[in-house]
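Student: After the structure tokens below, expect a handful of questions from me.
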Amino acid sequence: MDIGTVVTLVTAHGEIVGRLEAYDDHYITLSRPRTSSELEVIDDSVAQNFFASGISVTGEKCPESLSFSLSMVLAITVTEKSFAEQWAAAAHDWII
């Protein structure tokens with residue numbers, strides 16, 4: 001995965017989507033991280049509501065970037081294109 005790719009972190013607490021900003025042996029940093037909601041059907045009419053406005057633990061509505069400990073991440077994958085486009089709409093990050 002290259003820096004700038006939209007990725008999904010799979011954790012025990014859910015999936016977190018964001019643009020890969022940096023990583024090392026211990027941490028991965030995502031820009032504009034968003035958690036997905038519990039919606040099962042995804043279409044254009046719910047794209048803006050599919051992602052929460054940020055990561056609740058920060059207390060910040062839309063954090064610009066967050067670093068996650070790799071010890072808490074079960075998997076990292078490139079985000080599927082249509083899902084990444086919905087993240088981009090929610091995060092106001094238009095480069096896919």
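Residue numbering restarts at 1 for every chain of the structure tokens, chains are lettered A, B, ... in their displayed order, and ligands are numbered from 1 as they appear.
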Could you list, as a PyMOL selection string, every residue within 12 Å of Ser67 of chain A, counting only C-alpha atoms and ignoring same-chain residues fewer than 2 positions away?
Tutor: chain A and resi 9+16+18-24+26-33+55+58+63-65+69-73
Student: Work out how far apart atom CA of Arg34 of chain A and atom CA of Ala75 of chain A are and give it in Å to one decimal.
Tutor: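 We find that atom CA of Arg34 of chain A and atom CA of Ala75 of chain A lie 16.2 Å from each other.
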Student: Let me make sure I understand: among A:Ala89, A:Ile76, A:Ala84, A:Ile95, which one has the smallest atom-to-atom distance to Met1 of chain A if we use only C-alpha atoms?
Tutor: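 Under the stated criterion, the closest residue is A:Ile76.
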Student: What is the distance between atom CA of Thr5 of chain A and atom CA of Val78 of chain A, in Å to one decimal?
Tutor: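 Distance between the two atoms: 7.0 Å.
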Student: In Å to one decimal, how far is atom CA of Ala88 of chain A from atom CA of Asp25 of chain A?
Tutor: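 Value for the atom CA of Asp25 of chain A-atom CA of Ala88 of chain A distance: 27.1 Å.
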